[in-house]
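Shown next: work-v2.txt, given as compact mmCIF, C-alpha atoms.
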# COMPACT_ATOMS: atom_id res chain seq x y z
CA MET L 17 -9.15 42.34 -0.34
CA LEU L 18 -12.68 41.49 -1.45
CA LYS L 19 -11.98 42.70 -4.99
CA LEU L 20 -8.73 40.73 -5.17
CA LYS L 21 -10.49 37.62 -3.93
CA TYR L 22 -12.97 37.75 -6.76
CA LEU L 23 -10.26 38.51 -9.28
CA ARG L 24 -8.58 35.26 -8.34
CA HIS L 25 -11.61 33.12 -9.03
CA PRO L 26 -11.40 33.19 -12.85
CA PHE L 27 -7.78 32.01 -12.73
CA ARG L 28 -8.69 29.24 -10.31
CA THR L 29 -11.53 28.16 -12.61
CA ILE L 30 -9.25 28.23 -15.66
CA ASN L 31 -6.58 26.17 -13.90
CA THR L 32 -9.18 23.63 -12.76
CA ALA L 33 -10.56 23.37 -16.29
CA LYS L 34 -7.06 22.89 -17.71
CA ALA L 35 -6.29 20.15 -15.19
CA LEU L 36 -9.57 18.38 -16.00
CA LEU L 37 -8.91 18.63 -19.71
CA ALA L 38 -5.38 17.25 -19.27
CA THR L 39 -6.74 14.33 -17.24
CA ARG L 40 -9.38 13.51 -19.84
CA LEU L 41 -6.83 13.74 -22.65
CA SER L 42 -4.44 11.42 -20.81
CA MET L 43 -7.23 8.93 -20.17
CA TRP L 44 -8.31 9.05 -23.81
CA LYS L 45 -4.74 8.49 -25.05
CA PHE L 46 -4.20 5.57 -22.73
CA ALA L 47 -7.63 4.06 -23.42
CA THR L 48 -7.01 4.27 -27.17
CA HIS L 49 -3.54 2.77 -26.89
CA GLY L 50 -4.83 -0.05 -24.68
CA GLU L 51 -7.67 -0.82 -27.08
CA LEU L 52 -5.18 -1.15 -29.95
CA ARG L 53 -2.75 -3.17 -27.89
CA PHE L 54 -5.33 -5.68 -26.64
CA ARG L 55 -7.90 -5.70 -29.47
CA ASP L 56 -7.15 -9.35 -30.32
CA ASP L 57 -6.86 -10.38 -26.69
CA VAL L 58 -9.77 -12.46 -25.35
CA ARG L 59 -9.36 -10.64 -22.02
CA TYR L 60 -10.31 -7.32 -23.60
CA ASP L 61 -14.00 -7.34 -22.74
CA LEU L 62 -15.54 -4.14 -21.36
CA GLN L 63 -18.22 -6.18 -19.62
CA SER L 64 -15.49 -7.54 -17.33
CA VAL L 65 -15.13 -4.01 -15.93
CA THR L 66 -18.85 -3.60 -15.38
CA ASP L 67 -18.97 -6.98 -13.63
CA GLY L 68 -15.86 -6.15 -11.63
CA PHE L 69 -17.36 -2.98 -10.17
CA ILE L 70 -20.55 -4.61 -8.89
CA SER L 71 -20.96 -4.03 -5.17
CA ARG L 72 -20.10 -7.07 -3.03
CA ILE L 73 -20.50 -5.80 0.52
CA ASP L 74 -20.49 -8.68 2.98
CA ASP L 75 -22.52 -8.03 6.14
CA SER L 76 -23.09 -11.66 7.10
CA VAL L 77 -20.55 -11.82 9.94
CA ASP L 78 -20.76 -9.95 13.23
CA ASP L 79 -17.42 -8.13 13.53
CA THR L 80 -18.25 -6.09 16.66
CA LYS L 81 -15.45 -7.59 18.76
CA ILE L 82 -12.89 -6.95 16.03
CA LEU L 83 -14.00 -3.33 15.68
CA GLU L 84 -13.97 -2.72 19.44
CA ARG L 85 -10.44 -4.05 19.58
CA ILE L 86 -9.37 -1.82 16.68
CA CYS L 87 -10.92 1.27 18.27
CA SER L 88 -9.11 0.64 21.55
CA ALA L 89 -5.75 0.26 19.82
CA TYR L 90 -6.36 3.31 17.64
CA ILE L 91 -7.31 5.61 20.52
CA LYS L 92 -4.13 4.68 22.40
CA SER L 93 -1.83 4.94 19.39
CA ALA L 94 -3.29 8.23 18.11
CA ALA L 95 -2.87 9.82 21.54
CA GLN L 96 0.68 8.53 21.92
CA GLU L 97 1.65 9.68 18.43
CA GLN L 98 1.13 13.28 19.55
CA LEU L 99 3.80 12.75 22.21
CA ALA L 100 6.24 10.88 19.98
CA PRO L 101 9.47 12.48 18.69
CA GLU L 102 9.02 14.44 15.47
CA PRO L 103 10.47 11.80 13.09
CA TYR L 104 7.76 9.33 14.12
CA ARG L 105 4.81 11.61 13.57
CA ALA L 106 2.78 11.43 10.39
CA PRO L 107 4.51 13.18 7.46
CA GLU L 108 3.02 16.33 5.97
CA ARG L 109 1.36 14.46 3.11
CA TRP L 110 -0.51 12.21 5.53
CA GLN L 111 -1.51 15.19 7.67
CA ARG L 112 -3.22 16.65 4.59
CA VAL L 113 -4.99 13.35 3.90
CA ARG L 114 -6.25 13.35 7.49
CA GLN L 115 -7.60 16.88 7.20
CA GLN L 116 -9.19 16.46 3.79
CA ASN L 117 -10.54 12.91 3.83
CA LEU L 118 -10.24 11.03 7.11
CA GLY L 119 -12.32 13.16 9.47
CA PRO L 120 -15.33 10.78 9.58
CA ILE L 121 -13.32 7.62 10.22
CA ILE L 122 -11.07 9.32 12.78
CA HIS L 123 -14.15 10.58 14.64
CA ALA L 124 -15.81 7.15 14.52
CA LEU L 125 -12.70 5.34 15.76
CA THR L 126 -12.06 7.89 18.52
CA THR L 127 -15.64 7.85 19.79
CA ARG L 128 -15.97 4.08 19.44
CA ASP L 129 -18.90 4.48 17.05
CA ILE L 130 -18.85 0.83 16.02
CA ALA L 131 -21.76 1.14 13.60
CA ALA L 132 -20.10 4.00 11.72
CA VAL L 133 -16.71 2.26 11.59
CA ARG L 134 -18.39 -0.93 10.37
CA LYS L 135 -20.22 0.90 7.58
CA MET L 136 -17.03 2.54 6.30
CA TYR L 137 -14.71 -0.45 6.68
CA ARG L 138 -17.08 -2.89 5.00
CA ASN L 139 -16.85 -0.62 1.96
CA PHE L 140 -13.30 0.69 2.43
CA PHE L 141 -12.15 0.08 -1.15
CA ARG L 142 -14.76 2.63 -2.26
CA ASP L 143 -15.06 4.81 0.86
CA PRO L 144 -12.95 7.91 1.69
CA CYS L 145 -11.81 6.13 4.88
CA SER L 146 -9.06 4.56 2.72
CA ALA L 147 -7.95 7.83 1.10
CA GLY L 148 -4.21 7.97 0.65
CA LEU L 149 -4.11 4.21 0.14
CA LEU L 150 -6.91 3.38 -2.30
CA GLY L 151 -9.44 5.10 -4.50
CA ALA L 152 -11.24 5.18 -7.81
CA PRO L 153 -9.08 5.56 -10.95
CA TYR L 154 -7.98 9.19 -11.33
CA GLY L 155 -10.09 9.89 -8.23
CA MET L 156 -13.28 9.74 -10.31
CA SER L 157 -15.56 8.13 -7.75
CA LYS L 158 -18.76 9.28 -9.42
CA ALA L 159 -17.63 7.98 -12.82
CA TYR L 160 -16.88 4.50 -11.50
CA PHE L 161 -19.22 4.11 -8.52
CA GLY L 162 -22.15 6.29 -9.58
CA GLY L 163 -24.01 3.85 -11.82
CA ALA L 164 -23.33 2.82 -15.42
CA ILE L 165 -19.64 3.32 -16.28
CA LYS L 166 -18.95 5.12 -19.56
CA ASP L 167 -16.95 3.27 -22.19
CA ILE L 168 -14.02 5.71 -21.99
CA HIS L 169 -13.64 4.91 -18.31
CA ARG L 170 -14.07 1.17 -18.86
CA ARG L 171 -11.49 1.22 -21.68
CA PHE L 172 -9.02 3.16 -19.56
CA TYR L 173 -9.37 0.88 -16.54
CA LEU L 174 -9.29 -2.36 -18.53
CA GLY L 175 -6.14 -1.34 -20.39
CA HIS L 176 -4.51 -0.30 -17.13
CA VAL L 177 -5.25 -3.64 -15.45
CA LEU L 178 -4.18 -5.75 -18.44
CA TYR L 179 -0.87 -3.93 -18.80
CA ARG L 180 -0.14 -4.52 -15.13
CA LEU L 181 -1.20 -8.17 -15.26
CA ASP L 182 1.19 -8.76 -18.16
CA TYR L 183 3.97 -6.97 -16.30
CA TRP L 184 3.25 -9.12 -13.24
CA LYS L 185 3.60 -12.29 -15.32
CA GLU L 186 6.88 -11.03 -16.72
CA GLN L 187 8.31 -10.06 -13.33
CA THR L 188 7.33 -13.37 -11.72
CA ASN L 189 8.60 -15.46 -14.66
CA ALA L 190 5.06 -16.65 -15.42
CA ASN L 191 5.16 -18.89 -12.36
CA PHE L 192 1.62 -17.97 -11.28
CA VAL L 193 -1.92 -17.95 -12.64
CA TYR L 194 -4.73 -15.47 -12.05
CA LYS L 195 -6.16 -17.65 -9.30
CA ASP L 196 -3.04 -16.78 -7.26
CA LEU L 197 -4.21 -13.14 -7.23
CA ALA L 198 -7.59 -14.01 -5.74
CA ALA L 199 -8.20 -12.32 -2.39
CA PRO L 200 -11.09 -12.01 0.09
CA LEU L 201 -13.96 -9.68 -0.73
CA ILE L 202 -13.35 -7.81 2.53
CA GLY L 203 -13.95 -4.09 2.05
CA ASN L 204 -15.98 -4.45 -1.17
CA PRO L 205 -13.09 -4.45 -3.68
CA PHE L 206 -13.47 -3.66 -7.36
CA GLY L 207 -11.56 -4.67 -10.46
CA ILE L 208 -12.14 -6.75 -13.59
CA LEU L 209 -13.75 -10.18 -13.64
CA ILE L 210 -11.89 -12.87 -15.61
CA ASP L 211 -12.89 -16.54 -15.41
CA GLY L 212 -14.96 -15.76 -12.35
CA ILE L 213 -11.96 -14.25 -10.50
CA LEU L 214 -12.06 -10.64 -9.35
CA LEU L 215 -8.70 -9.11 -10.29
CA ARG L 216 -8.19 -5.85 -8.44
CA VAL L 217 -5.66 -3.44 -9.88
CA GLY L 218 -2.90 -3.32 -7.30
CA ALA L 219 -3.30 -6.99 -6.35
CA GLU L 220 -0.66 -7.95 -8.90
CA TYR L 221 1.85 -5.54 -7.35
CA ALA L 222 1.06 -6.66 -3.78
CA HIS L 223 1.51 -10.28 -4.85
CA TYR L 224 4.80 -9.40 -6.56
CA CYS L 225 6.08 -7.74 -3.38
CA ALA L 226 5.17 -10.83 -1.34
CA TYR L 227 6.91 -12.95 -3.98
CA ARG L 228 10.06 -10.81 -3.69
CA VAL L 229 10.04 -10.93 0.12
CA GLY L 230 9.35 -14.67 0.12
CA GLY L 231 12.32 -15.19 -2.16
CA LEU L 232 14.58 -13.80 0.55
CA LEU L 233 13.32 -16.22 3.21
CA ASN L 234 14.81 -19.56 4.13
CA THR L 235 12.59 -22.55 4.71
CA GLY L 236 11.14 -22.68 8.19
CA LYS L 237 10.06 -19.91 10.51
CA ALA L 238 10.94 -16.29 9.78
CA THR L 239 9.92 -12.83 10.91
CA VAL L 240 9.18 -10.11 8.36
CA ALA L 241 8.66 -6.42 9.09
CA GLU L 242 7.02 -3.96 6.73
CA ILE L 243 7.33 -0.19 6.96
CA GLY L 244 4.10 1.31 5.65
CA GLY L 245 1.93 -1.70 4.82
CA GLY L 246 -1.07 0.24 3.48
CA PHE L 247 -4.27 -1.73 4.07
CA GLY L 248 -2.45 -5.07 4.26
CA GLY L 249 -2.41 -6.11 0.59
CA MET L 250 1.14 -7.48 0.51
CA ALA L 251 0.72 -8.94 3.99
CA TYR L 252 -2.29 -10.98 2.86
CA TYR L 253 -0.35 -12.81 0.15
CA LEU L 254 2.71 -13.25 2.37
CA LEU L 255 0.71 -14.76 5.23
CA ARG L 256 -1.32 -16.91 2.84
CA ASP L 257 1.63 -18.33 0.90
CA TRP L 258 4.29 -18.42 3.64
CA PRO L 259 2.33 -19.69 6.67
CA GLN L 260 5.42 -19.96 8.89
CA VAL L 261 6.07 -16.21 8.68
CA THR L 262 5.46 -13.87 11.59
CA TYR L 263 4.50 -10.51 10.12
CA CYS L 264 5.03 -7.07 11.70
CA ASP L 265 3.70 -3.83 10.22
CA PHE L 266 4.56 -0.26 11.26
CA ASP L 267 2.47 2.61 9.91
CA VAL L 268 0.40 5.66 10.83
CA PRO L 269 -2.50 4.85 13.22
CA GLU L 270 -5.24 5.20 10.56
CA SER L 271 -3.53 2.75 8.22
CA ILE L 272 -2.84 0.31 11.03
CA ALA L 273 -6.52 0.41 12.02
CA LEU L 274 -7.56 -0.44 8.44
CA THR L 275 -4.88 -3.13 8.14
CA SER L 276 -6.09 -4.63 11.42
CA TYR L 277 -9.62 -4.89 10.03
CA TYR L 278 -8.50 -6.48 6.76
CA LEU L 279 -6.10 -9.03 8.24
CA LEU L 280 -8.18 -9.91 11.31
CA LYS L 281 -11.08 -10.69 8.97
CA ALA L 282 -8.89 -12.53 6.46
CA PHE L 283 -7.06 -14.67 9.03
CA PRO L 284 -9.34 -15.29 12.02
CA GLN L 285 -7.23 -18.32 12.99
CA LEU L 286 -4.06 -16.26 13.57
CA LYS L 287 -2.94 -14.54 16.77
CA PHE L 288 -2.62 -10.75 16.56
CA LEU L 289 -0.85 -8.19 18.73
CA LEU L 290 -2.22 -4.65 18.46
CA TYR L 291 -0.94 -1.53 20.18
CA GLY L 292 -1.57 -1.54 23.93
CA GLU L 293 -2.20 -5.30 24.09
CA GLY L 294 1.30 -6.42 25.12
CA GLU L 295 5.00 -5.69 25.18
CA LEU L 296 6.94 -5.44 21.93
CA THR L 297 9.67 -7.86 23.00
CA LYS L 298 11.29 -10.84 21.29
CA ASP L 299 9.17 -13.22 23.38
CA GLY L 300 6.03 -11.15 22.82
CA ILE L 301 6.49 -11.23 19.06
CA ALA L 302 7.28 -14.97 19.10
CA ARG L 303 3.93 -15.71 20.75
CA VAL L 304 1.83 -14.23 17.92
CA ASP L 305 1.54 -14.42 14.14
CA VAL L 306 0.86 -10.78 13.30
CA VAL L 307 2.05 -7.57 14.98
CA LEU L 308 0.41 -4.30 13.91
CA MET L 309 1.92 -1.19 15.46
CA PRO L 310 2.13 2.60 15.01
CA MET L 311 5.38 3.90 13.54
CA PHE L 312 6.80 5.26 16.80
CA THR L 313 7.08 1.73 18.23
CA LEU L 314 9.95 1.03 15.82
CA ALA L 315 12.25 2.41 18.50
CA ALA L 316 11.09 -0.32 20.89
CA MET L 317 11.84 -3.23 18.56
CA PRO L 318 14.41 -5.71 19.92
CA PRO L 319 17.77 -5.81 18.10
CA GLU L 320 18.08 -8.26 15.20
CA GLY L 321 14.59 -9.62 15.83
CA ILE L 322 13.58 -9.36 12.16
CA ASP L 323 14.85 -11.58 9.34
CA VAL L 324 13.71 -9.39 6.45
CA THR L 325 12.48 -5.79 6.51
CA PHE L 326 10.50 -4.55 3.52
CA SER L 327 9.06 -1.22 2.46
CA SER L 328 7.32 -0.07 -0.70
CA HIS L 329 6.98 3.73 -0.85
CA GLY L 330 6.79 3.79 2.95
CA MET L 331 9.78 6.12 3.19
CA SER L 332 9.30 8.12 -0.01
CA ASP L 333 7.76 11.25 1.52
CA ILE L 334 9.59 11.57 4.83
CA ASN L 335 12.22 14.22 5.57
CA GLN L 336 15.91 13.51 6.06
CA GLN L 337 15.70 13.53 9.86
CA ALA L 338 12.99 10.86 9.76
CA MET L 339 14.93 8.90 7.14
CA VAL L 340 17.96 8.70 9.44
CA GLU L 341 15.76 7.62 12.38
CA TYR L 342 13.99 4.95 10.32
CA MET L 343 17.27 3.58 8.97
CA ASN L 344 18.81 3.48 12.45
CA ASN L 345 15.95 1.23 13.54
CA ILE L 346 15.94 -0.90 10.38
CA VAL L 347 19.67 -1.58 10.61
CA ARG L 348 19.40 -2.34 14.33
CA MET L 349 16.45 -4.71 14.14
CA THR L 350 17.18 -6.52 10.82
CA ARG L 351 19.50 -9.50 10.93
CA ARG L 352 19.48 -10.38 7.21
CA GLU L 353 17.99 -8.29 4.39
CA PHE L 354 16.29 -4.95 3.82
CA LEU L 355 14.30 -4.67 0.57
CA TYR L 356 13.09 -1.25 -0.52
CA ILE L 357 11.02 -0.16 -3.52
CA GLY L 358 10.55 3.56 -4.03
CA ASN L 359 11.27 6.68 -6.02
CA GLY L 360 14.70 7.94 -6.98
CA ARG L 361 14.96 10.48 -4.16
CA ALA L 362 14.26 7.96 -1.40
CA THR L 363 16.42 5.19 -2.85
CA LYS L 364 19.36 7.57 -3.31
CA SER L 365 18.98 8.85 0.24
CA ILE L 366 18.94 5.29 1.61
CA SER L 367 21.95 4.17 -0.45
CA ASP L 368 23.91 7.26 0.64
CA LEU L 369 23.11 6.60 4.30
CA VAL L 370 24.08 2.93 4.10
CA ARG L 371 27.35 3.73 2.34
CA GLU L 372 28.29 6.51 4.78
CA SER L 373 26.94 5.24 8.11
CA TYR L 374 26.07 1.55 8.15
CA ASP L 375 29.03 -0.65 7.25
CA SER L 376 27.15 -3.67 8.64
CA PHE L 377 24.94 -3.60 5.51
CA GLN L 378 25.84 -3.57 1.86
CA LEU L 379 23.86 -3.05 -1.34
CA THR L 380 23.58 -6.45 -3.02
CA GLU L 381 20.94 -5.73 -5.66
CA ALA L 382 19.73 -2.58 -7.41
CA ARG L 383 17.49 -2.23 -10.45
CA SER L 384 14.89 0.03 -11.96
CA SER L 385 11.27 -1.00 -11.60
CA GLY L 386 8.44 -0.39 -14.04
CA TRP L 387 5.53 -0.89 -11.68
CA HIS L 388 4.58 2.75 -11.24
CA SER L 389 5.68 3.81 -14.71
CA HIS L 390 4.37 0.87 -16.71
CA LYS L 391 1.14 2.63 -17.58
CA VAL L 392 3.34 5.41 -18.98
CA SER L 393 5.99 3.31 -20.69
CA GLY L 394 3.49 0.70 -21.86
CA ALA L 395 1.12 3.17 -23.46
CA GLY L 396 3.64 5.74 -24.58
CA VAL L 397 1.77 8.48 -22.73
CA GLY L 398 4.01 11.13 -21.18
CA GLY L 399 7.09 10.40 -23.26
CA ALA L 400 10.63 10.13 -21.93
CA ALA L 401 10.09 12.88 -19.36
CA GLY L 402 7.03 11.19 -17.91
CA LEU L 403 8.83 7.85 -17.77
CA ALA L 404 11.88 9.31 -16.02
CA ALA L 405 9.76 11.15 -13.45
CA SER L 406 7.77 8.06 -12.48
CA THR L 407 10.43 5.33 -12.57
CA LEU L 408 10.87 3.37 -9.36
CA PHE L 409 13.89 1.50 -8.07
CA GLU L 410 14.29 -1.73 -6.14
CA GLN L 411 17.19 -2.11 -3.73
CA CYS L 412 18.18 -5.01 -1.54
CA TYR L 413 20.66 -4.55 1.31
CA THR L 414 22.23 -7.53 3.08
CA ARG L 415 23.89 -7.70 6.47
CA THR L 416 27.54 -8.51 5.92
CA ILE L 417 28.98 -11.84 6.98
CA ALA L 418 31.29 -10.09 9.44
CA ALA L 419 28.32 -8.32 11.06
CA GLN L 420 26.35 -11.57 11.25
CA ASN L 421 29.24 -13.24 13.06
CA GLU L 422 29.66 -10.51 15.67

Output the structure of this file as structure tokens.
Amino acid sequence: MLKLKYLRHPFRTINTAKALLATRLSMWKFATHGELRFRDDVRYDLQSVTDGFISRIDDSVDDTKILERICSAYIKSAAQEQLAPEPYRAPERWQRVRQQNLGPIIHALTTRDIAAVRKMYRNFFRDPCSAGLLGAPYGMSKAYFGGAIKDIHRRFYLGHVLYRLDYWKEQTNANFVYKDLAAPLIGNPFGILIDGILLRVGAEYAHYCAYRVGGLLNTGKATVAEIGGGFGGMAYYLLRDWPQVTYCDFDVPESIALTSYYLLKAFPQLKFLLYGEGELTKDGIARVDVVLMPMFTLAAMPPEGIDVTFSSHGMSDINQQAMVEYMNNIVRMTRREFLYIGNGRATKSISDLVRESYDSFQLTEARSSGWHSHKVSGAGVGGAAGLAASTLFEQCYTRTIAAQNE
């Protein structure tokens, strides 16, 4: 066994070296393509990357009460998740993220180590506590956060952001300006700096999702649910631009804890309901502005209490049993539309389920989406195979008139 173990090491080293070489080659190709594409663009300034990665940690406000509240909700939800039915437990991918990256933040939340939680959350855009949701480009934390950023990395990142910004303008019919992407500096975000505005890669997609959800809402009050809201990026723009919306998010306990921090800091004037603080009833939801709950509470949601349910990737890595359980709850609690953005496997599974089992909903819009694949299709890296593998789809399901009148 000892001999075999050592025999394996050279192959492991070779495979690691090959993967690193492939990553560097991909970055070089994309960086070169971006440089050619934007060479006459005034936005193509490598200094904007350097300026965008400057640390901006804000420690001016005492957030002890917020953190104590988050710890209490997390401890209760993490314990209850262990007792929840299998479909509501964290999927295998998230279990791996917990084991590999989230140990320190889980320990700090569980032991109510407020100082440790504060240190990680005030830097969550750059700290492993947000692993699985955020991170340095290509996972190269040292390259981007370790001091001076090499030109190859600046060129890659700048091209990536500019492609996505142009795609955002196209998808929103050029109805917005960069100022609309501005967001709080909570968590020490990074990006590129243009006209004094920090533009974080991913902000354009979060804003687009809020724009799509907002387009489904009528004027006046409405309730929106999100399945898998990440750290609260889409929610921020939705709550900022549609102030009459009540927002509900359902996710794994670690993500909900981070979302709670981000949104509680961003909207101190709003009323929040965290797990263990009150009943998840129609009246309970109506009394607050934001509801942040672990996934297993989906089963407790009142029927038809949500106007629009939205999910981006939130159901892409769950098994079929969980998919059926999620869809049962979505169909039961949603009185108008369900908007989903995800990979081909998840969107096909959802469309098959709706067609076979939920005649109260019908597919009213379906289209391919270039958000995940735009860095491939835009730069020509990966070819047709790479584009096909990374293409996303957007689907909108609407409750039928007959079902609404029942």

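Note that atom CA of Pro310 of chain L and atom CA of Ala100 of chain L are 10.5 Å apart.
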
Distance atom CA of Asp74 of chain L-atom CA of Asn139 of chain L, one decimal place?
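Here the two named atoms are 8.9 Å from each other.
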
Rank L:Val193, L:Val77, L:Val240, L:Val347 by their smallest atom-to-atom distance to Pro319 of chain L, using only C-alpha atoms, and report the top residue only.
L:Val347

Determine the nearest neighbour of Tyr104 of chain L from the options L:Thr414, L:Ile243, L:Leu255, L:Ser384, counting all atoms listed in the file.
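Smallest separation from Tyr104 of chain L among the options: L:Ile243.
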
Dump as CSV the rows for residues of segment 149-245 of chain L within 10 Å of segment 260-274 of chain L: closest atom pair and distance in Å with one decimal, all atoms listed in the file counted, ordered by chain and rising residue number.
residue,atom,partner,partner_atom,distance
L:Leu149,CA,L:Ser271,CA,8.2
L:Gly203,CA,L:Leu274,CA,9.7
L:Gly230,CA,L:Val261,CA,9.3
L:Leu233,CA,L:Val261,CA,9.1
L:Thr235,CA,L:Gln260,CA,8.7
L:Gly236,CA,L:Gln260,CA,6.4
L:Lys237,CA,L:Gln260,CA,4.9
L:Ala238,CA,L:Val261,CA,5.0
L:Thr239,CA,L:Thr262,CA,4.6
L:Val240,CA,L:Tyr263,CA,5.0
L:Ala241,CA,L:Cys264,CA,4.5
L:Glu242,CA,L:Asp265,CA,4.8
L:Ile243,CA,L:Phe266,CA,5.1
L:Gly244,CA,L:Asp267,CA,4.7
L:Gly245,CA,L:Asp265,CA,6.1

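Nearest residue to Gly155 of chain L, choosing from L:Ser376, L:Ile346, L:Leu197, L:Thr39 and counting all atoms listed in the file: L:Thr39.
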